[in-house]
Amino acid sequence: MDLRRRLAEIQARQREIRELIEGGGECDVPALTIEARSLATEKADVEARLAALGELQNGDGGDGTPPQTRSLTNPILEAAQARGAGESGGSGDTPPVGRFGSVEYRNAFMRHVLRGERIPDQYRANQTTATGDIGAVIPDTVVNTIIEKMESTGMILARVTRTAHKGGVRIPTSGVKPVATWVAEGAGSDKQKKSTGEITFTYHKLRCAVAVSLEVDTIALPIFEGTLINNVVEAMTKALESAIVSGDGAGKPKGIIVEPPVSGQALVANALSYGLLVKAEAALPQAYESGAEWCMSKTTYMQFFGLTDSDGQPIGRVNYGIAGAPERFLLGRPVVVCDYVDTFGASLANNKVFAFLFNFKDYVLNTNLSMTVKKYEDNDTDDQVTKAIMLVDGKVVQNGSLVTIAKGTAPA
């Protein structure tokens, strides 16, 4: 059987069924529904067979050589390499699918999470290790969607600089820039030493546990993947963004407001006013004006929004972009609202930062974007708990754009 031709026939029939149902004319909906389910099952089988053929073309080559084992350290990078190899070595209109993105592995991964079934040996990096001792690689399609949703959902995560340096590596940073001087004809100038510092990223483990009820026995693959994605996205996004803004650096990334500002850029105030915003803008060096944004809670922003200048004009502005999402500004500068900064109020303790100016590109989040899962059973509830694990670290690499405002009495 020509698998690619059969796949095209299935897809064509699925389009016909969709048009019949959406057309509103007379049709046997129950019969079409049964046929659609049968086609979906056959399509999954054909795609799995095509994926297996692709693996034989790329890994075995027909000479009996076993396919190359896959490391658990960076599934996104290796998936991209596998796709690149498939595009250059495959034939026809359907490029071979990587092992960890195939429907066959995705179903095996689902069965592993829901019922504890062993991941097939061809998908395991170490075939002599027991199943309970290592984690299973999250399928490429799920990992890519998790990363994509984390970046599009989070207000903070999409703004910071992301790197993938190896943990423990010392990364040099420039401390002083050379200064050019005017000299007379034939005269020279003093040599200037370029001083540098260094930043070292370590490994911090971010863990997200998702419980699956024992009563769950049969569930569709898209529903399973969607549920897993939504659970991991919500938990990990909040944890990452909270650490980026206010993490103490102990077992987690060091937050922006924990970093000490440059002298003269740490302000205190016991009341919100137009003058406070002006003072903060004055404390921000001109060299760091471009890209700096306000960050505060929505409640704090609305308190600023209610203020007026001497002419009675409101200080804050809220515009609505093409997508209809609100775009907030204070004195013409963008405002990022989040729940990771304390809200200004009478109950706020002294020395607590409630707003800050910062260019988020000066914060580096270092991670290999690799996620693995481990599974165990909660003896108290009989739930099957799946742990998603990610290694990540983050630090402010340049604090010149950081201006903080904390609760307190300003010196006279």
# chains A, B, ... in the order shown; residues from 1 in each chain; ligands from 1
$ residues_around --residues "Thr33 of chain A" --least-positions-apart "3" --cutoff "12 Å" --atoms "only C-alpha atoms" --output "mmCIF file with C-alpha atoms, in the first residue's frame"
data_model
loop_
_atom_site.group_PDB
_atom_site.id
_atom_site.type_symbol
_atom_site.label_atom_id
_atom_site.label_comp_id
_atom_site.auth_asym_id
_atom_site.auth_seq_id
_atom_site.Cartn_x
_atom_site.Cartn_y
_atom_site.Cartn_z
ATOM 1 C CA GLN A 14 -12.010 14.288 6.083
ATOM 2 C CA ILE A 17 -17.059 15.155 5.743
ATOM 3 C CA ARG A 18 -16.356 18.545 7.276
ATOM 4 C CA LEU A 20 -21.040 18.054 4.499
ATOM 5 C CA ILE A 21 -21.576 18.713 8.187
ATOM 6 C CA CYS A 27 -26.739 14.234 5.774
ATOM 7 C CA ASP A 28 -26.430 11.285 8.121
ATOM 8 C CA VAL A 29 -24.492 12.965 10.916
ATOM 9 C CA PRO A 30 -24.125 9.846 13.148
ATOM 10 C CA ALA A 36 -14.639 10.440 10.837
ATOM 11 C CA ARG A 37 -13.478 8.562 13.948
ATOM 12 C CA SER A 38 -12.441 5.578 11.843
ATOM 13 C CA LEU A 39 -10.514 7.844 9.472
ATOM 14 C CA ALA A 40 -8.770 9.556 12.385
#
$ select_by_dssp --residues "segment 198-382 of chain A" --states "helix (DSSP H, G or I)" --output "PyMOL selection string"
chain A and resi 221-246+274-283+286-288+298-305+360-362
$ write_last_selection --atoms "N, CA and C atoms" --output "short mmCIF file (atom, residue, chain, number, x, y, z; two decimals), in the first residue's frame"
data_model
loop_
_atom_site.label_atom_id
_atom_site.label_comp_id
_atom_site.auth_asym_id
_atom_site.auth_seq_id
_atom_site.Cartn_x
_atom_site.Cartn_y
_atom_site.Cartn_z
N LEU A 221 -5.60 11.57 22.82
CA LEU A 221 -4.27 12.16 22.82
C LEU A 221 -4.31 13.69 22.83
N PRO A 222 -5.10 14.37 21.95
CA PRO A 222 -5.11 15.84 21.98
C PRO A 222 -5.57 16.40 23.31
N ILE A 223 -6.55 15.74 23.97
CA ILE A 223 -7.04 16.22 25.26
C ILE A 223 -5.96 16.05 26.32
N PHE A 224 -5.28 14.91 26.29
CA PHE A 224 -4.19 14.68 27.25
C PHE A 224 -3.09 15.71 27.10
N GLU A 225 -2.62 15.93 25.85
CA GLU A 225 -1.54 16.88 25.62
C GLU A 225 -1.97 18.29 25.99
N GLY A 226 -3.20 18.68 25.63
CA GLY A 226 -3.68 20.02 25.96
C GLY A 226 -3.76 20.24 27.45
N THR A 227 -4.23 19.23 28.20
CA THR A 227 -4.32 19.35 29.65
C THR A 227 -2.95 19.45 30.28
N LEU A 228 -2.01 18.61 29.83
CA LEU A 228 -0.66 18.65 30.36
C LEU A 228 0.00 19.99 30.09
N ILE A 229 -0.16 20.49 28.86
CA ILE A 229 0.42 21.78 28.48
C ILE A 229 -0.11 22.89 29.37
N ASN A 230 -1.43 22.95 29.53
CA ASN A 230 -2.03 24.03 30.30
C ASN A 230 -1.58 24.01 31.76
N ASN A 231 -1.48 22.80 32.33
CA ASN A 231 -1.04 22.70 33.72
C ASN A 231 0.40 23.15 33.89
N VAL A 232 1.28 22.67 33.01
CA VAL A 232 2.69 23.01 33.12
C VAL A 232 2.91 24.50 32.82
N VAL A 233 2.21 25.03 31.81
CA VAL A 233 2.37 26.43 31.44
C VAL A 233 2.02 27.35 32.60
N GLU A 234 0.87 27.13 33.19
CA GLU A 234 0.41 28.02 34.26
C GLU A 234 1.35 28.00 35.44
N ALA A 235 1.77 26.81 35.86
CA ALA A 235 2.62 26.71 37.04
C ALA A 235 4.02 27.24 36.78
N MET A 236 4.63 26.84 35.67
CA MET A 236 6.02 27.23 35.42
C MET A 236 6.14 28.70 35.04
N THR A 237 5.15 29.25 34.34
CA THR A 237 5.20 30.66 34.01
C THR A 237 5.19 31.51 35.27
N LYS A 238 4.31 31.21 36.19
CA LYS A 238 4.24 31.97 37.43
C LYS A 238 5.53 31.85 38.23
N ALA A 239 6.07 30.63 38.29
CA ALA A 239 7.29 30.42 39.07
C ALA A 239 8.47 31.16 38.45
N LEU A 240 8.61 31.08 37.14
CA LEU A 240 9.72 31.76 36.47
C LEU A 240 9.61 33.26 36.60
N GLU A 241 8.44 33.82 36.32
CA GLU A 241 8.28 35.27 36.35
C GLU A 241 8.42 35.82 37.77
N SER A 242 7.90 35.09 38.75
CA SER A 242 8.05 35.53 40.13
C SER A 242 9.52 35.58 40.53
N ALA A 243 10.29 34.57 40.10
CA ALA A 243 11.72 34.55 40.42
C ALA A 243 12.46 35.66 39.69
N ILE A 244 12.08 35.94 38.44
CA ILE A 244 12.74 37.01 37.68
C ILE A 244 12.57 38.36 38.36
N VAL A 245 11.40 38.61 38.91
CA VAL A 245 11.13 39.91 39.53
C VAL A 245 11.65 39.98 40.96
N SER A 246 11.36 38.95 41.77
CA SER A 246 11.67 39.09 43.20
C SER A 246 12.32 37.85 43.82
N TYR A 274 2.87 63.10 41.46
CA TYR A 274 3.45 63.43 40.16
C TYR A 274 4.95 63.68 40.29
N GLY A 275 5.31 64.35 41.39
CA GLY A 275 6.73 64.63 41.62
C GLY A 275 7.56 63.38 41.80
N LEU A 276 6.94 62.30 42.35
CA LEU A 276 7.68 61.05 42.54
C LEU A 276 8.06 60.45 41.20
N LEU A 277 7.15 60.49 40.24
CA LEU A 277 7.46 59.98 38.90
C LEU A 277 8.56 60.81 38.24
N VAL A 278 8.47 62.11 38.41
CA VAL A 278 9.50 62.98 37.83
C VAL A 278 10.85 62.68 38.45
N LYS A 279 10.86 62.47 39.77
CA LYS A 279 12.12 62.17 40.46
C LYS A 279 12.71 60.84 39.97
N ALA A 280 11.85 59.85 39.75
CA ALA A 280 12.33 58.56 39.25
C ALA A 280 12.89 58.69 37.84
N GLU A 281 12.21 59.45 36.99
CA GLU A 281 12.70 59.68 35.63
C GLU A 281 14.04 60.40 35.67
N ALA A 282 14.21 61.33 36.61
CA ALA A 282 15.48 62.05 36.73
C ALA A 282 16.60 61.14 37.19
N ALA A 283 16.26 60.13 38.01
CA ALA A 283 17.28 59.20 38.51
C ALA A 283 17.74 58.22 37.44
N GLN A 286 20.48 58.95 31.33
CA GLN A 286 20.05 59.13 29.94
C GLN A 286 20.53 57.99 29.05
N ALA A 287 21.69 57.42 29.37
CA ALA A 287 22.23 56.33 28.54
C ALA A 287 21.35 55.09 28.58
N TYR A 288 20.50 54.97 29.62
CA TYR A 288 19.66 53.78 29.77
C TYR A 288 18.18 54.08 29.55
N LYS A 298 -1.11 46.15 39.17
CA LYS A 298 -2.18 46.90 38.52
C LYS A 298 -2.82 47.90 39.48
N THR A 299 -2.97 47.50 40.74
CA THR A 299 -3.56 48.41 41.74
C THR A 299 -2.69 49.65 41.93
N THR A 300 -1.38 49.47 42.00
CA THR A 300 -0.48 50.62 42.13
C THR A 300 -0.57 51.52 40.91
N TYR A 301 -0.62 50.91 39.73
CA TYR A 301 -0.72 51.71 38.51
C TYR A 301 -2.00 52.54 38.50
N MET A 302 -3.13 51.95 38.92
CA MET A 302 -4.39 52.69 38.93
C MET A 302 -4.36 53.84 39.93
N GLN A 303 -3.56 53.71 41.00
CA GLN A 303 -3.39 54.83 41.92
C GLN A 303 -2.63 55.97 41.24
N PHE A 304 -1.59 55.63 40.48
CA PHE A 304 -0.88 56.64 39.70
C PHE A 304 -1.80 57.23 38.63
N PHE A 305 -2.61 56.36 38.02
CA PHE A 305 -3.50 56.79 36.94
C PHE A 305 -4.49 57.85 37.42
N PHE A 360 14.22 45.18 30.70
CA PHE A 360 14.21 43.75 30.96
C PHE A 360 15.23 42.99 30.12
N LYS A 361 15.74 43.58 29.06
CA LYS A 361 16.78 42.92 28.26
C LYS A 361 18.08 42.80 29.04
N ASP A 362 18.22 43.58 30.14
CA ASP A 362 19.41 43.50 30.97
C ASP A 362 19.34 42.37 31.99
#
$ atom_distance --atom1 "atom CA of Glu42 of chain A" --atom2 "atom CA of Pro120 of chain A"
21.8 Å
$ atom_distance --atom1 "atom CA of Leu391 of chain A" --atom2 "atom CA of Lys205 of chain A"
4.7 Å
$ atom_distance --atom1 "atom CA of Val103 of chain A" --atom2 "atom CA of Met390 of chain A"
23.8 Å
$ residues_around --residues "segment 256-263 of chain A" --least-positions-apart "5" --cutoff "12 Å" --atoms "only C-alpha atoms" --output "ChimeraX atom specification"
/A:156,160,241-250,283-285,295-296,340-342,351-365,394-406
$ write_last_selection --atoms "N, CA and C atoms" --output "CSV table (one decimal), in the first residue's frame"
chain,number,residue,atom,x,y,z
A,156,ILE,N,6.3,39.1,31.7
A,156,ILE,CA,7.7,39.3,32.0
A,156,ILE,C,8.6,38.4,31.2
A,160,VAL,N,12.6,39.3,28.8
A,160,VAL,CA,14.0,39.1,29.3
A,160,VAL,C,14.9,38.4,28.2
A,241,GLU,N,8.4,33.8,36.3
A,241,GLU,CA,8.3,35.3,36.4
A,241,GLU,C,8.4,35.8,37.8
A,242,SER,N,7.9,35.1,38.7
A,242,SER,CA,8.0,35.5,40.1
A,242,SER,C,9.5,35.6,40.5
A,243,ALA,N,10.3,34.6,40.1
A,243,ALA,CA,11.7,34.5,40.4
A,243,ALA,C,12.5,35.7,39.7
A,244,ILE,N,12.1,35.9,38.4
A,244,ILE,CA,12.7,37.0,37.7
A,244,ILE,C,12.6,38.4,38.4
A,245,VAL,N,11.4,38.6,38.9
A,245,VAL,CA,11.1,39.9,39.5
A,245,VAL,C,11.6,40.0,41.0
A,246,SER,N,11.4,39.0,41.8
A,246,SER,CA,11.7,39.1,43.2
A,246,SER,C,12.3,37.9,43.8
A,247,GLY,N,12.9,37.0,43.0
A,247,GLY,CA,13.6,35.8,43.6
A,247,GLY,C,14.7,36.1,44.4
A,248,ASP,N,14.9,35.4,45.5
A,248,ASP,CA,16.0,35.7,46.5
A,248,ASP,C,17.3,35.1,46.1
A,249,GLY,N,17.4,34.3,45.0
A,249,GLY,CA,18.6,33.7,44.6
A,249,GLY,C,19.0,32.4,45.3
A,250,ALA,N,18.3,32.0,46.3
A,250,ALA,CA,18.6,30.8,47.1
A,250,ALA,C,17.8,29.7,46.5
A,283,ALA,N,16.3,60.1,38.0
A,283,ALA,CA,17.3,59.2,38.5
A,283,ALA,C,17.7,58.2,37.4
A,284,LEU,N,16.9,58.0,36.4
A,284,LEU,CA,17.3,57.1,35.3
A,284,LEU,C,18.3,57.8,34.4
A,285,PRO,N,19.5,57.2,34.3
A,285,PRO,CA,20.6,57.8,33.5
A,285,PRO,C,20.1,57.9,32.0
A,295,CYS,N,7.5,48.8,36.0
A,295,CYS,CA,6.9,47.6,36.4
A,295,CYS,C,6.3,47.7,37.8
A,296,MET,N,5.0,47.4,38.0
A,296,MET,CA,4.3,47.5,39.2
A,296,MET,C,3.0,46.7,39.2
A,340,TYR,N,3.7,40.2,40.8
A,340,TYR,CA,4.9,39.8,41.5
A,340,TYR,C,5.6,40.9,42.3
A,341,VAL,N,5.0,42.1,42.3
A,341,VAL,CA,5.5,43.3,43.0
A,341,VAL,C,4.4,43.6,44.0
A,342,ASP,N,4.9,44.0,45.2
A,342,ASP,CA,3.9,44.4,46.3
A,342,ASP,C,3.1,45.7,45.9
A,351,ASN,N,10.5,49.8,53.4
A,351,ASN,CA,11.6,49.3,52.6
A,351,ASN,C,11.2,48.2,51.6
A,352,LYS,N,9.9,48.0,51.4
A,352,LYS,CA,9.4,47.1,50.4
A,352,LYS,C,9.2,47.8,49.1
A,353,VAL,N,9.9,47.3,48.0
A,353,VAL,CA,9.8,47.9,46.7
A,353,VAL,C,8.4,47.6,46.1
A,354,PHE,N,7.8,48.7,45.6
A,354,PHE,CA,6.4,48.6,45.0
A,354,PHE,C,6.4,49.0,43.6
A,355,ALA,N,7.5,49.5,43.0
A,355,ALA,CA,7.6,49.9,41.6
A,355,ALA,C,9.0,50.1,41.2
A,356,PHE,N,9.3,49.8,40.0
A,356,PHE,CA,10.7,50.0,39.5
A,356,PHE,C,10.8,50.2,38.0
A,357,LEU,N,11.8,50.9,37.6
A,357,LEU,CA,12.1,51.1,36.2
A,357,LEU,C,13.3,50.2,35.9
A,358,PHE,N,13.2,49.5,34.7
A,358,PHE,CA,14.2,48.6,34.3
A,358,PHE,C,14.0,48.2,32.8
A,359,ASN,N,15.2,48.0,32.2
A,359,ASN,CA,15.2,47.4,30.8
A,359,ASN,C,15.3,45.9,31.0
A,360,PHE,N,14.2,45.2,30.7
A,360,PHE,CA,14.2,43.7,31.0
A,360,PHE,C,15.2,43.0,30.1
A,361,LYS,N,15.7,43.6,29.1
A,361,LYS,CA,16.8,42.9,28.3
A,361,LYS,C,18.1,42.8,29.0
A,362,ASP,N,18.2,43.6,30.1
A,362,ASP,CA,19.4,43.5,31.0
A,362,ASP,C,19.3,42.4,32.0
A,363,TYR,N,18.3,41.6,31.9
A,363,TYR,CA,18.2,40.4,32.8
A,363,TYR,C,18.3,39.2,31.9
A,364,VAL,N,19.2,38.2,32.3
A,364,VAL,CA,19.4,37.0,31.5
A,364,VAL,C,18.9,35.8,32.2
A,365,LEU,N,18.0,35.1,31.5
A,365,LEU,CA,17.4,33.9,32.0
A,365,LEU,C,18.2,32.7,31.3
A,394,GLY,N,18.9,32.7,36.5
A,394,GLY,CA,18.8,34.0,36.0
A,394,GLY,C,19.4,35.1,36.9
A,395,LYS,N,19.9,36.1,36.2
A,395,LYS,CA,20.5,37.2,37.0
A,395,LYS,C,20.5,38.5,36.2
A,396,VAL,N,20.5,39.6,36.9
A,396,VAL,CA,20.7,41.0,36.3
A,396,VAL,C,22.1,41.1,35.9
A,397,VAL,N,22.4,41.3,34.6
A,397,VAL,CA,23.8,41.5,34.1
A,397,VAL,C,24.2,42.9,34.0
A,398,GLN,N,23.2,43.8,34.0
A,398,GLN,CA,23.5,45.3,33.9
A,398,GLN,C,22.4,46.0,34.7
A,399,ASN,N,22.8,46.7,35.8
A,399,ASN,CA,21.8,47.3,36.7
A,399,ASN,C,21.7,48.8,36.4
A,400,GLY,N,22.3,49.3,35.4
A,400,GLY,CA,22.3,50.8,35.1
A,400,GLY,C,20.9,51.3,34.9
A,401,SER,N,20.0,50.5,34.4
A,401,SER,CA,18.7,51.0,34.1
A,401,SER,C,17.7,50.7,35.2
A,402,LEU,N,18.2,50.2,36.4
A,402,LEU,CA,17.3,49.9,37.5
A,402,LEU,C,17.1,51.1,38.4
A,403,VAL,N,15.9,51.5,38.6
A,403,VAL,CA,15.5,52.6,39.5
A,403,VAL,C,14.3,52.0,40.3
A,404,THR,N,14.5,51.8,41.6
A,404,THR,CA,13.5,51.3,42.5
A,404,THR,C,12.8,52.3,43.3
A,405,ILE,N,11.5,52.1,43.7
A,405,ILE,CA,10.8,53.0,44.6
A,405,ILE,C,10.3,52.1,45.7
A,406,ALA,N,10.7,52.3,47.0
A,406,ALA,CA,10.3,51.5,48.1
A,406,ALA,C,9.5,52.4,49.0
